[in-house]
Amino acid sequence: MNVEFNRLRTFEQWEHASWTMETSFEEVAKAGFYATERFLEAKCHFCGATVYIGEQAVDIESKHRQLNPGCSFLLHPDRTDNVRSFDAAELKREECRLATFVNWPVAHISPPALAKAGFYYTFNSDQVKCAWCEGVIGQWEVGDDPFTEHQKFFPSCEKVIANGISSNPVLDSSIGIQPVKPPHAQHFSSLDSRIRTFENWTTGNIQDPERLAQAGFYYLGRADEVHCFHCDGGLRFWLADDDPWFEHARCFPKCQFVQLVKGQLFIENVQTQIKNSSGQQPSGGAQSTATMTLDEALSTEPVQLALSMGLNAGRIRAVTKRQLETTGQPFAQSQALIEAVLDGQIQDEELEPTTSSRMDRRIENEVSRLLWSAISSSTTPNLSSFNSTFAPSASSPVSEVRSSAEATSTEIAEAAAAVPEPASVLRRRSSSEAVKPGDEKTHRLEEENKRLKDARECKICMADEVGVVFCPCGHLVSCVQCAPAVTNCPVCRAIIKGRVRTFLS
């Protein structure tokens, strides 16, 4: 009766009376007592003291101390052979699972191996139970391996997957082999699942949700806070000029998703850049210290005035932050703030071409098309498409150039028609006419081209190019975005124990 679970089972004979009792059987068993043959009488396994459990609430521990204050279980419970019951969270710790293997009846199966595989003892014959999937396995035979049996009967168990990964040989990441670590949020491993979390994203004018999702982030639904699905690193207070990949590598350089997609060299360059920028000081001497926080600076009058004018909030935030970092003070006047925002906008945004320049390019493209058609064909070009394309309405600003455009195209067509067709063009046409549409060689080339395209296509999303080799099977079937979402190779179903970033040339 040194096992708490066994003591608790002795109270099953009193279940019909449990609804009238204010003291739970779990408390009594936890205090070291088990049920005797006499109704509502319990006995301590360690000192032999007996206590009557009535319908009134009883402080079982105080009663125990009154009966026998020198009980070893009361004085030093950790020095007794008591095996207490563990809750679900505790059973996910290997040392707690190992502690349950008291009086384990099977000599040829090691309790440490069972505990390492995720099992704890149920105190029923030789049956053990997984602390993750709650799968029960018993009737162990000589030669059985707890890891193998767990994977055979419960292949989708979280612990089985983790066991397969943790049992890897030590992989040398310096040669490009990345050991596999399960993502923190497995359900956000795919790019589409992360993009869907941004449905209520309210700061799209500052950061593009798709760029954030590609960098491994998903939206939590509050403010602009996002978390990485793999390392669970969180970022917020985004600025318009922030690069999600740069910020991810800056704040969480050990994230395996960043290492897989961008590479260790990218992370090292980011860290070096941050280190150099933090070590630099302005020419005036010491680094300026901001007198207020960014949030306080954003509540000043110049910033509020600029926001009321409709300027981009992200750009305002970025220039305000830059001003605090360089001078330690926010903008004192709204005019200086507005000029800084507009200067940044002029540098970043590309000016749209004017209507006249677009029309000029349109005319040039159409004339070039007609000229090429006239040279490569013996028939007179059909100018109806040109005329219909440039048939403006009465209010069109290009109506005044219509007659000149038509005259130019007519002259070009007449000149091209007068040019004799080169002999090489005739030979090319005659040879192409000789080739049959269903020519076998052409068909083989088309099939080969399709096969090569399929070979380079990710077999999971069917969109991006493959870029990750799975180890140890060696299959190249996934792109960098889909690779973290799979734990078994899609081709051979082998457990993935490592990944190698691959570049096709």
# chains A, B, ... in the order shown; residues from 1 in each chain; ligands from 1

call {"tool": "select_by_dssp", "arguments": {"residues": "range 174-254 of chain A", "states": "alpha helix (DSSP H)", "output": "tab-separated table (two decimals) with C-alpha atoms, in the first residue's frame"}}
result
chain	number	residue	atom	x	y	z
A	191	LEU	CA	2.16	29.46	-45.08
A	192	ASP	CA	-1.59	29.48	-45.86
A	193	SER	CA	-2.54	28.83	-42.24
A	194	ARG	CA	-0.44	31.80	-41.12
A	195	ILE	CA	-1.86	34.10	-43.79
A	196	ARG	CA	-5.41	33.28	-42.68
A	209	PRO	CA	0.61	40.43	-43.87
A	210	GLU	CA	1.95	38.11	-46.56
A	211	ARG	CA	5.52	39.25	-45.91
A	212	LEU	CA	5.06	38.64	-42.20
A	213	ALA	CA	3.59	35.18	-42.85
A	214	GLN	CA	6.46	34.27	-45.18
A	244	PRO	CA	10.30	40.99	-41.17
A	245	TRP	CA	13.18	38.63	-42.01
A	246	PHE	CA	15.75	41.12	-40.69
A	247	GLU	CA	13.85	41.64	-37.44
A	248	HIS	CA	13.32	37.87	-37.04
A	249	ALA	CA	17.03	37.18	-37.43
A	250	ARG	CA	17.94	40.13	-35.21
A	251	CYS	CA	15.77	39.16	-32.25

call {"tool": "select_by_dssp", "arguments": {"residues": "range 449-502 of chain A", "states": "strand (DSSP E)", "output": "count of residues only"}}
result
11

call {"tool": "residues_around", "arguments": {"residues": "range 485-499 of chain A", "least_positions_apart": "3", "cutoff": "8 Å", "atoms": "only C-alpha atoms", "output": "list in words"}}
result
Ile161, Gly164, Ile165, Asn168, Leu171, Ile177, Gln178, Pro179, Val180, Gln186, Ser189, Ser190, Val468, Val469, Phe470, Cys471, Pro472, Cys473, His475, Val477 and Cys482 of chain A

call {"tool": "write_last_selection", "arguments": {"atoms": "all heavy atoms", "output": "compact mmCIF listing (two decimals), in the first residue's frame"}}
result
# COMPACT_ATOMS: atom_id res chain seq x y z
N ILE A 161 6.81 11.21 -32.21
CA ILE A 161 7.50 12.09 -33.15
C ILE A 161 8.72 12.72 -32.49
O ILE A 161 9.80 12.78 -33.07
CB ILE A 161 6.53 13.17 -33.67
CG1 ILE A 161 5.37 12.52 -34.44
CG2 ILE A 161 7.25 14.17 -34.55
CD1 ILE A 161 4.27 13.47 -34.82
N GLY A 164 11.50 10.18 -32.09
CA GLY A 164 12.21 9.94 -33.34
C GLY A 164 13.20 11.02 -33.65
O GLY A 164 14.26 10.79 -34.23
N ILE A 165 12.87 12.25 -33.23
CA ILE A 165 13.77 13.37 -33.49
C ILE A 165 14.92 13.39 -32.48
O ILE A 165 16.08 13.56 -32.83
CB ILE A 165 12.98 14.69 -33.43
CG1 ILE A 165 11.98 14.74 -34.61
CG2 ILE A 165 13.89 15.90 -33.49
CD1 ILE A 165 11.00 15.87 -34.51
N ASN A 168 18.10 11.19 -32.71
CA ASN A 168 19.04 11.39 -33.80
C ASN A 168 20.48 11.26 -33.31
O ASN A 168 20.78 11.60 -32.17
CB ASN A 168 18.90 12.81 -34.38
CG ASN A 168 17.60 12.97 -35.12
OD1 ASN A 168 16.92 12.00 -35.37
ND2 ASN A 168 17.26 14.20 -35.44
N LEU A 171 24.06 15.78 -35.04
CA LEU A 171 24.26 16.29 -36.39
C LEU A 171 25.14 17.53 -36.33
O LEU A 171 24.98 18.38 -35.45
CB LEU A 171 22.91 16.62 -37.03
CG LEU A 171 21.94 15.45 -37.17
CD1 LEU A 171 20.64 15.91 -37.80
CD2 LEU A 171 22.55 14.34 -38.01
N ILE A 177 23.70 20.42 -42.19
CA ILE A 177 22.61 19.53 -41.79
C ILE A 177 21.94 20.10 -40.55
O ILE A 177 22.58 20.23 -39.51
CB ILE A 177 23.11 18.10 -41.52
CG1 ILE A 177 23.82 17.53 -42.76
CG2 ILE A 177 21.95 17.20 -41.12
CD1 ILE A 177 24.39 16.15 -42.55
N GLN A 178 20.68 20.45 -40.67
CA GLN A 178 19.94 21.07 -39.56
C GLN A 178 19.15 20.00 -38.80
O GLN A 178 18.27 19.36 -39.37
CB GLN A 178 19.00 22.14 -40.08
CG GLN A 178 18.25 22.87 -38.98
CD GLN A 178 17.13 23.73 -39.52
OE1 GLN A 178 16.08 23.24 -39.90
NE2 GLN A 178 17.36 25.03 -39.55
N PRO A 179 19.44 19.80 -37.52
CA PRO A 179 18.62 18.86 -36.75
C PRO A 179 17.18 19.34 -36.66
O PRO A 179 16.92 20.55 -36.63
CB PRO A 179 19.30 18.86 -35.36
CG PRO A 179 20.65 19.44 -35.58
CD PRO A 179 20.52 20.38 -36.73
N VAL A 180 16.25 18.43 -36.63
CA VAL A 180 14.83 18.78 -36.63
C VAL A 180 14.36 18.99 -35.20
O VAL A 180 14.59 18.16 -34.33
CB VAL A 180 13.99 17.69 -37.32
CG1 VAL A 180 12.51 17.99 -37.18
CG2 VAL A 180 14.37 17.58 -38.78
N GLN A 186 2.55 23.85 -34.21
CA GLN A 186 2.54 22.97 -35.38
C GLN A 186 1.41 23.32 -36.34
O GLN A 186 1.55 23.19 -37.56
CB GLN A 186 2.41 21.52 -34.91
CG GLN A 186 2.42 20.49 -36.03
CD GLN A 186 3.81 20.24 -36.58
OE1 GLN A 186 4.79 20.31 -35.85
NE2 GLN A 186 3.90 19.96 -37.87
N SER A 189 2.25 25.75 -39.19
CA SER A 189 3.48 25.45 -39.93
C SER A 189 3.37 25.80 -41.41
O SER A 189 4.38 26.11 -42.04
CB SER A 189 3.82 23.96 -39.78
OG SER A 189 4.12 23.65 -38.44
N SER A 190 2.17 25.75 -41.97
CA SER A 190 2.02 26.05 -43.39
C SER A 190 1.82 27.55 -43.61
O SER A 190 1.28 28.25 -42.75
CB SER A 190 0.83 25.28 -43.98
OG SER A 190 -0.38 25.73 -43.42
N VAL A 468 14.64 21.78 -50.04
CA VAL A 468 15.05 21.12 -48.79
C VAL A 468 15.16 19.62 -49.02
O VAL A 468 14.22 19.00 -49.53
CB VAL A 468 14.06 21.41 -47.64
CG1 VAL A 468 14.49 20.69 -46.38
CG2 VAL A 468 13.96 22.90 -47.38
N VAL A 469 16.29 19.05 -48.64
CA VAL A 469 16.49 17.60 -48.69
C VAL A 469 16.25 17.04 -47.29
O VAL A 469 16.78 17.57 -46.31
CB VAL A 469 17.91 17.24 -49.16
CG1 VAL A 469 18.17 15.75 -48.98
CG2 VAL A 469 18.09 17.62 -50.62
N PHE A 470 15.42 16.00 -47.21
CA PHE A 470 15.13 15.37 -45.92
C PHE A 470 16.17 14.28 -45.63
O PHE A 470 16.55 13.52 -46.53
CB PHE A 470 13.73 14.76 -45.93
CG PHE A 470 12.63 15.78 -46.04
CD1 PHE A 470 11.52 15.55 -46.83
CD2 PHE A 470 12.71 16.97 -45.34
CE1 PHE A 470 10.50 16.47 -46.94
CE2 PHE A 470 11.70 17.91 -45.44
CZ PHE A 470 10.60 17.67 -46.22
N CYS A 471 16.58 14.22 -44.37
CA CYS A 471 17.52 13.19 -43.94
C CYS A 471 16.83 12.27 -42.93
O CYS A 471 16.01 12.73 -42.15
CB CYS A 471 18.75 13.83 -43.28
SG CYS A 471 19.70 14.90 -44.36
N PRO A 472 17.12 10.97 -42.97
CA PRO A 472 18.19 10.32 -43.74
C PRO A 472 17.76 9.77 -45.09
O PRO A 472 18.57 9.18 -45.79
CB PRO A 472 18.59 9.17 -42.81
CG PRO A 472 17.29 8.78 -42.16
CD PRO A 472 16.52 10.06 -41.97
N CYS A 473 16.47 9.94 -45.48
CA CYS A 473 16.01 9.29 -46.71
C CYS A 473 16.58 9.94 -47.97
O CYS A 473 16.71 9.29 -49.01
CB CYS A 473 14.48 9.28 -46.76
SG CYS A 473 13.73 10.92 -46.85
N HIS A 475 15.26 12.44 -49.85
CA HIS A 475 14.30 12.90 -50.86
C HIS A 475 14.24 14.43 -50.91
O HIS A 475 14.22 15.09 -49.86
CB HIS A 475 12.91 12.33 -50.57
CG HIS A 475 12.78 10.89 -50.92
ND1 HIS A 475 12.45 9.92 -50.00
CD2 HIS A 475 12.94 10.23 -52.10
CE1 HIS A 475 12.41 8.74 -50.60
NE2 HIS A 475 12.71 8.90 -51.86
N VAL A 477 11.76 16.95 -52.02
CA VAL A 477 10.36 17.05 -52.44
C VAL A 477 9.64 18.28 -51.89
O VAL A 477 8.49 18.50 -52.21
CB VAL A 477 9.57 15.79 -52.00
CG1 VAL A 477 10.05 14.57 -52.74
CG2 VAL A 477 9.67 15.58 -50.50
N CYS A 482 7.22 24.78 -46.81
CA CYS A 482 6.44 23.59 -46.44
C CYS A 482 7.24 22.61 -45.58
O CYS A 482 6.64 21.80 -44.87
CB CYS A 482 5.94 22.87 -47.69
SG CYS A 482 4.75 23.82 -48.67

call {"tool": "residues_around", "arguments": {"residues": "Ala113 in chain A", "least_positions_apart": "5", "cutoff": "9 Å", "atoms": "only C-alpha atoms", "output": "ChimeraX atom specification"}}
result
/A:118-119,145-147

call {"tool": "residues_around", "arguments": {"residues": "Gly48 in chain A", "least_positions_apart": "2", "cutoff": "10 Å", "atoms": "only C-alpha atoms", "output": "JSON, numbers by chain"}}
result
{"A": [32, 33, 42, 43, 44, 45, 46, 50, 51, 67, 68, 71]}

call {"tool": "atom_distance", "arguments": {"atom1": "CA of Leu114 in chain A", "atom2": "CA of Arg97 in chain A"}}
result
8.7 Å

call {"tool": "atom_distance", "arguments": {"atom1": "CA of Val136 in chain A", "atom2": "CA of Cys157 in chain A"}}
result
12.2 Å

call {"tool": "residues_around", "arguments": {"residues": "Lys254 in chain A", "least_positions_apart": "2", "cutoff": "12 Å", "atoms": "only C-alpha atoms", "output": "list in words"}}
result
Gln178, Lys181, His230, Cys231, Asp232, Gly233, His248, Ala249, Arg250, Cys251, Phe252, Gln256, Phe257, Val258, Gln259, Leu260, Gly263, Gln264, Ile267, Glu268 and Gln271 of chain A

call {"tool": "closest_residue", "arguments": {"among": "A:Ile53, A:Val102, A:Val261, A:Cys96", "to": "Met1 in chain A", "atoms": "only C-alpha atoms"}}
result
A:Val102

call {"tool": "atom_distance", "arguments": {"atom1": "CA of Cys133 in chain A", "atom2": "CA of Ser24 in chain A"}}
result
28.1 Å

call {"tool": "residues_around", "arguments": {"residues": "Asp87 in chain A", "least_positions_apart": "2", "cutoff": "12 Å", "atoms": "only C-alpha atoms", "output": "list in words"}}
result
Phe5, Arg84, Ser85, Ala89, Glu90, Leu91, Lys92, Arg93, Cys96, Arg97, Thr100, Tyr120 and Ala131 of chain A

call {"tool": "closest_residue", "arguments": {"among": "A:Val341, A:Ala463, A:Ile137, A:Cys47", "to": "Leu311 in chain A", "atoms": "only C-alpha atoms"}}
result
A:Val341
